[in-house]
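S.K.: After the C-alpha cells below, expect a handful of questions from me.
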Amino acid sequence: MITFIQGVLLTLLAAITIAIVRQRNLFGVVILAGIYSFLIASVMMVLDAVDVAMTEASVGAGISTVVLLAALHLTGSREYPPAHAALLPLFVSAVTAGALIWGTAELPKFGVSHAPIHQNTAPKYIEDAAQHKMPPNMVTGVLADYRGYDTLGETTVIFTGGIGVMLIMRGRRRKSKGSDAKSKSRERSA
Amino acid sequence: MKLDLILRVGTKLILPFLLIFAFYVHFHGDYGPGGGFQAGVIIAASFILYAIIFGLDAAKRVAPQAIVERLVPLGVLIYASAGLPAMIFGEGRYLDYGVYGHEFTHAHEWGILLVESGVITTVASTMLAIFYAFADRGTR
C-alpha cells in the first residue's frame, strides 16, 4: 500500500516538474511549485518524517509561494521565450544529471538500516536518549540538545539570510532618497 | 471588494487557531512533531495571511516593521545567551543544559525550550521581515 501511494506521489511529482518546465506563465509556475511542495510534504509523511513534512508544507508551499508571488508583482508574470536554442545549458544539465544518476548506483539501497549514515552517530543518540530519559521527540532532542551548536549555526544562517534580503530590497530606497536630495540640491544650485 | 467578505470572515475565524497551533507546535515540540522553526514559520504565515486579506498597513499596525526587524537578531541573541549560564554556573561547557534544573530530563526540557524560543523569534521575524521587504517594493 505504501509503495502504491509513493508511486502515485512520485508520478505526480514528475508530471508537475514537466508542467513547470513547459509553463510560460510564471504565475502558473509559482502555483505549480506550491503543489510540488505539498506533494513532497506528502512523500515525507509517507516516510514518517513528520517534522520535515511540516517544514516543507509551511516553508515550501506557504512562505516561498507568497514571496515568489510578491516578486512576480514586481517583475511581471510572463516569461519571454529564449532568443536562441539553449544547446550548451541543455548539454551541461544532461551531463550533470547523468553524473548524479551514475553516482546513485554506488549508494546503499534506500531505507537500508546498515547504510553508513545510520551507523555513525545515530545509534548513539538513540541509545543515549533512552538512557538519559530525554524528551520523547528524538528529533527535537538531537536538534536542540545533542546538536545544539549546529542549530545555533542554522539560526545564525536564517538571521544572515534575512538581513541580506532586507539590505538588498530596502537598500535601494535609501539610495533613491539620497539621489532625490542630490537632485534637489542640484535644482537649488541651478 | 464585495467578494472579499468570505475571505475576510474566514481569515478572522482561522487566525486565532493558526496562532494557537503555532504555539502548540512550539511548546509541544518535545513530545510531538515540530519545534521552534515550524512554529516560527506558522506565526509568520498567520501575519502574512492577515496582511494579504486586510492590507499591508493593517498588518504593520499589528506587527510594526521596526520591531519585527529588531526581533531578527534578538532571537540569535536569546539562543546564544542560553548557553552562557552553563559556562558561568555549570561545568564550563557552552550550551550544556544541566544547569537549568536538578533532574536531567527536566533541565534539558527547559534548555530546549529556551533555545527553541530563540529559534521561533528569529524565524518568525525573518520570514515576516522578508515579506515586508518584498511587499514594500510593490506598493511604492
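Ligands are numbered from 1 in the order shown, chains are lettered A, B, ... in the order of the C-alpha cells, and residues start at 1 in each chain.
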If you count only C-alpha atoms, which residues fall within 9 Å of B:Ser46, apart from same-chain ones fewer than 6 positions away, as a PyMOL selection string?

M.R.: chain B and resi 14-16+18-19

S.K.: Can those selected residues be exported to a file as a PDB file, in the first residue's frame so that it contains N, CA and C atoms?

M.R.:
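Saved as out_36.pdb:
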```pdb
ATOM      1  N   ILE B  14     -10.004  31.821  11.154  1.00  0.00           N
ATOM      2  CA  ILE B  14      -8.846  30.918  11.150  1.00  0.00           C
ATOM      3  C   ILE B  14      -7.706  31.427  12.017  1.00  0.00           C
ATOM      4  N   LEU B  15      -7.485  32.776  12.010  1.00  0.00           N
ATOM      5  CA  LEU B  15      -6.279  33.350  12.619  1.00  0.00           C
ATOM      6  C   LEU B  15      -5.994  32.898  14.049  1.00  0.00           C
ATOM      7  N   PRO B  16      -6.988  32.981  14.982  1.00  0.00           N
ATOM      8  CA  PRO B  16      -6.664  32.567  16.353  1.00  0.00           C
ATOM      9  C   PRO B  16      -6.218  31.119  16.446  1.00  0.00           C
ATOM     10  N   LEU B  18      -4.741  29.428  14.073  1.00  0.00           N
ATOM     11  CA  LEU B  18      -3.389  29.354  13.499  1.00  0.00           C
ATOM     12  C   LEU B  18      -2.351  29.688  14.557  1.00  0.00           C
ATOM     13  N   LEU B  19      -2.587  30.781  15.295  1.00  0.00           N
ATOM     14  CA  LEU B  19      -1.602  31.216  16.283  1.00  0.00           C
ATOM     15  C   LEU B  19      -1.498  30.211  17.426  1.00  0.00           C
TER      16      LEU B  19
END
```

S.K.: Using DSSP assignments from the backbone, pull out every residue in chain A that falls under helix (DSSP H, G or I) and give it to me as a PyMOL selection string.

M.R.: chain A and resi 2-22+26-46+50-75+87-104+116-119+122-131+138-146+148-189

S.K.: Do a neighbour search on A:Asp145 at 10 Å with only C-alpha atoms, toss out local chain neighbours closer than 5 positions, and write the hits as number ranges by chain.

M.R.: A: 134, 138-140, 150-151; B: 95-97, 108-109, 111-112, 115

S.K.: Which neighbours of A:Asp128 fall inside 12 Å, counting only C-alpha atoms, when residues of the same chain fewer than 4 positions from it are skipped, and could you give them as a ChimeraX atom specification?

M.R.: /A:121-124,132-135,138,141-142,145-146

S.K.: Show me, as JSON lines, the residues of chain B having an atom within 8 Å of chain A, each with the closest atom pair and its distance in Å, using only C-alpha atoms.

M.R.:
```
{"residue": "B:Gly29", "atom": "CA", "partner": "A:Thr140", "partner_atom": "CA", "distance": 6.6}
{"residue": "B:Asp30", "atom": "CA", "partner": "A:Asn137", "partner_atom": "CA", "distance": 5.2}
{"residue": "B:Tyr31", "atom": "CA", "partner": "A:Asn137", "partner_atom": "CA", "distance": 4.9}
{"residue": "B:Gly32", "atom": "CA", "partner": "A:Asn137", "partner_atom": "CA", "distance": 6.0}
{"residue": "B:Pro33", "atom": "CA", "partner": "A:Asp51", "partner_atom": "CA", "distance": 5.2}
{"residue": "B:Gly34", "atom": "CA", "partner": "A:Asp51", "partner_atom": "CA", "distance": 5.3}
{"residue": "B:Gly35", "atom": "CA", "partner": "A:Thr140", "partner_atom": "CA", "distance": 6.9}
{"residue": "B:Phe37", "atom": "CA", "partner": "A:Thr55", "partner_atom": "CA", "distance": 7.8}
{"residue": "B:Gln38", "atom": "CA", "partner": "A:Thr55", "partner_atom": "CA", "distance": 5.6}
{"residue": "B:Val41", "atom": "CA", "partner": "A:Ser58", "partner_atom": "CA", "distance": 6.5}
{"residue": "B:Ile42", "atom": "CA", "partner": "A:Ser58", "partner_atom": "CA", "distance": 6.7}
{"residue": "B:Ala45", "atom": "CA", "partner": "A:Ile63", "partner_atom": "CA", "distance": 6.6}
{"residue": "B:Val72", "atom": "CA", "partner": "A:Phe159", "partner_atom": "CA", "distance": 6.1}
{"residue": "B:Pro73", "atom": "CA", "partner": "A:Phe159", "partner_atom": "CA", "distance": 6.5}
{"residue": "B:Val76", "atom": "CA", "partner": "A:Thr156", "partner_atom": "CA", "distance": 6.2}
{"residue": "B:Tyr79", "atom": "CA", "partner": "A:Leu152", "partner_atom": "CA", "distance": 6.7}
{"residue": "B:Ala80", "atom": "CA", "partner": "A:Leu152", "partner_atom": "CA", "distance": 7.0}
{"residue": "B:Leu95", "atom": "CA", "partner": "A:Gly148", "partner_atom": "CA", "distance": 6.8}
{"residue": "B:Tyr97", "atom": "CA", "partner": "A:Asp145", "partner_atom": "CA", "distance": 7.9}
{"residue": "B:Phe104", "atom": "CA", "partner": "A:His132", "partner_atom": "CA", "distance": 7.1}
{"residue": "B:Thr105", "atom": "CA", "partner": "A:Met134", "partner_atom": "CA", "distance": 5.5}
{"residue": "B:His108", "atom": "CA", "partner": "A:Met134", "partner_atom": "CA", "distance": 7.5}
{"residue": "B:Glu109", "atom": "CA", "partner": "A:Pro135", "partner_atom": "CA", "distance": 6.8}
{"residue": "B:Gly111", "atom": "CA", "partner": "A:Asp145", "partner_atom": "CA", "distance": 7.9}
{"residue": "B:Ile112", "atom": "CA", "partner": "A:Ala144", "partner_atom": "CA", "distance": 5.6}
{"residue": "B:Val115", "atom": "CA", "partner": "A:Ala144", "partner_atom": "CA", "distance": 6.9}
{"residue": "B:Glu116", "atom": "CA", "partner": "A:Ala144", "partner_atom": "CA", "distance": 7.3}
{"residue": "B:Val119", "atom": "CA", "partner": "A:Thr155", "partner_atom": "CA", "distance": 6.1}
{"residue": "B:Thr122", "atom": "CA", "partner": "A:Phe159", "partner_atom": "CA", "distance": 6.5}
{"residue": "B:Val123", "atom": "CA", "partner": "A:Ile158", "partner_atom": "CA", "distance": 6.9}
{"residue": "B:Thr126", "atom": "CA", "partner": "A:Gly162", "partner_atom": "CA", "distance": 5.2}
{"residue": "B:Met127", "atom": "CA", "partner": "A:Gly162", "partner_atom": "CA", "distance": 7.4}
{"residue": "B:Ala129", "atom": "CA", "partner": "A:Gly162", "partner_atom": "CA", "distance": 7.3}
{"residue": "B:Ile130", "atom": "CA", "partner": "A:Gly162", "partner_atom": "CA", "distance": 6.4}
{"residue": "B:Phe131", "atom": "CA", "partner": "A:Val67", "partner_atom": "CA", "distance": 6.2}
{"residue": "B:Ala133", "atom": "CA", "partner": "A:Met169", "partner_atom": "CA", "distance": 5.8}
{"residue": "B:Phe134", "atom": "CA", "partner": "A:Ala70", "partner_atom": "CA", "distance": 6.0}
{"residue": "B:Ala135", "atom": "CA", "partner": "A:Ala70", "partner_atom": "CA", "distance": 6.2}
{"residue": "B:Arg137", "atom": "CA", "partner": "A:Met169", "partner_atom": "CA", "distance": 7.2}
{"residue": "B:Gly138", "atom": "CA", "partner": "A:Leu74", "partner_atom": "CA", "distance": 5.7}
```

S.K.: For the residues selected in the previous step, produce a file with C-alpha atoms as a PDB file, in the first residue's frame.

M.R.:
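To be explicit, this is the file written out as selection16.pdb:
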```pdb
ATOM      1  CA  GLY B  29       7.957  20.224  20.310  1.00  0.00           C
ATOM      2  CA  ASP B  30       9.495  17.931  22.936  1.00  0.00           C
ATOM      3  CA  TYR B  31       6.643  15.457  22.584  1.00  0.00           C
ATOM      4  CA  GLY B  32       5.103  15.866  19.140  1.00  0.00           C
ATOM      5  CA  PRO B  33       6.463  16.764  15.736  1.00  0.00           C
ATOM      6  CA  GLY B  34       7.647  20.309  15.230  1.00  0.00           C
ATOM      7  CA  GLY B  35       9.594  22.845  17.182  1.00  0.00           C
ATOM      8  CA  PHE B  37      11.386  26.543  13.319  1.00  0.00           C
ATOM      9  CA  GLN B  38       8.000  25.203  12.231  1.00  0.00           C
ATOM     10  CA  VAL B  41       7.000  29.829  10.107  1.00  0.00           C
ATOM     11  CA  ILE B  42       3.348  29.274  11.106  1.00  0.00           C
ATOM     12  CA  ALA B  45       2.293  32.775   7.844  1.00  0.00           C
ATOM     13  CA  VAL B  72      15.627  39.085  13.953  1.00  0.00           C
ATOM     14  CA  PRO B  73      18.949  39.491  15.821  1.00  0.00           C
ATOM     15  CA  VAL B  76      20.011  34.686  17.800  1.00  0.00           C
ATOM     16  CA  TYR B  79      19.834  31.282  21.609  1.00  0.00           C
ATOM     17  CA  ALA B  80      23.474  32.264  22.074  1.00  0.00           C
ATOM     18  CA  LEU B  95      25.048  25.064  25.721  1.00  0.00           C
ATOM     19  CA  TYR B  97      21.533  22.419  29.779  1.00  0.00           C
ATOM     20  CA  PHE B 104      18.270  15.547  33.845  1.00  0.00           C
ATOM     21  CA  THR B 105      15.039  15.387  31.815  1.00  0.00           C
ATOM     22  CA  HIS B 108      17.105  19.559  29.336  1.00  0.00           C
ATOM     23  CA  GLU B 109      13.447  20.281  28.583  1.00  0.00           C
ATOM     24  CA  GLY B 111      17.156  24.202  27.916  1.00  0.00           C
ATOM     25  CA  ILE B 112      15.499  23.002  24.710  1.00  0.00           C
ATOM     26  CA  VAL B 115      16.859  27.569  22.755  1.00  0.00           C
ATOM     27  CA  GLU B 116      13.716  26.994  20.672  1.00  0.00           C
ATOM     28  CA  VAL B 119      14.709  29.953  17.020  1.00  0.00           C
ATOM     29  CA  THR B 122      14.385  34.679  14.606  1.00  0.00           C
ATOM     30  CA  VAL B 123      12.424  32.516  12.154  1.00  0.00           C
ATOM     31  CA  THR B 126      12.867  36.950   9.473  1.00  0.00           C
ATOM     32  CA  MET B 127      10.032  35.499   7.387  1.00  0.00           C
ATOM     33  CA  ALA B 129      10.629  40.970   7.519  1.00  0.00           C
ATOM     34  CA  ILE B 130      11.336  39.365   4.129  1.00  0.00           C
ATOM     35  CA  PHE B 131       7.636  39.571   3.261  1.00  0.00           C
ATOM     36  CA  ALA B 133      10.623  43.976   2.252  1.00  0.00           C
ATOM     37  CA  PHE B 134       9.017  42.474  -0.873  1.00  0.00           C
ATOM     38  CA  ALA B 135       5.579  43.976  -0.260  1.00  0.00           C
ATOM     39  CA  ARG B 137       8.760  47.401  -3.030  1.00  0.00           C
ATOM     40  CA  GLY B 138       5.440  46.526  -4.642  1.00  0.00           C
TER      41      GLY B 138
END
```
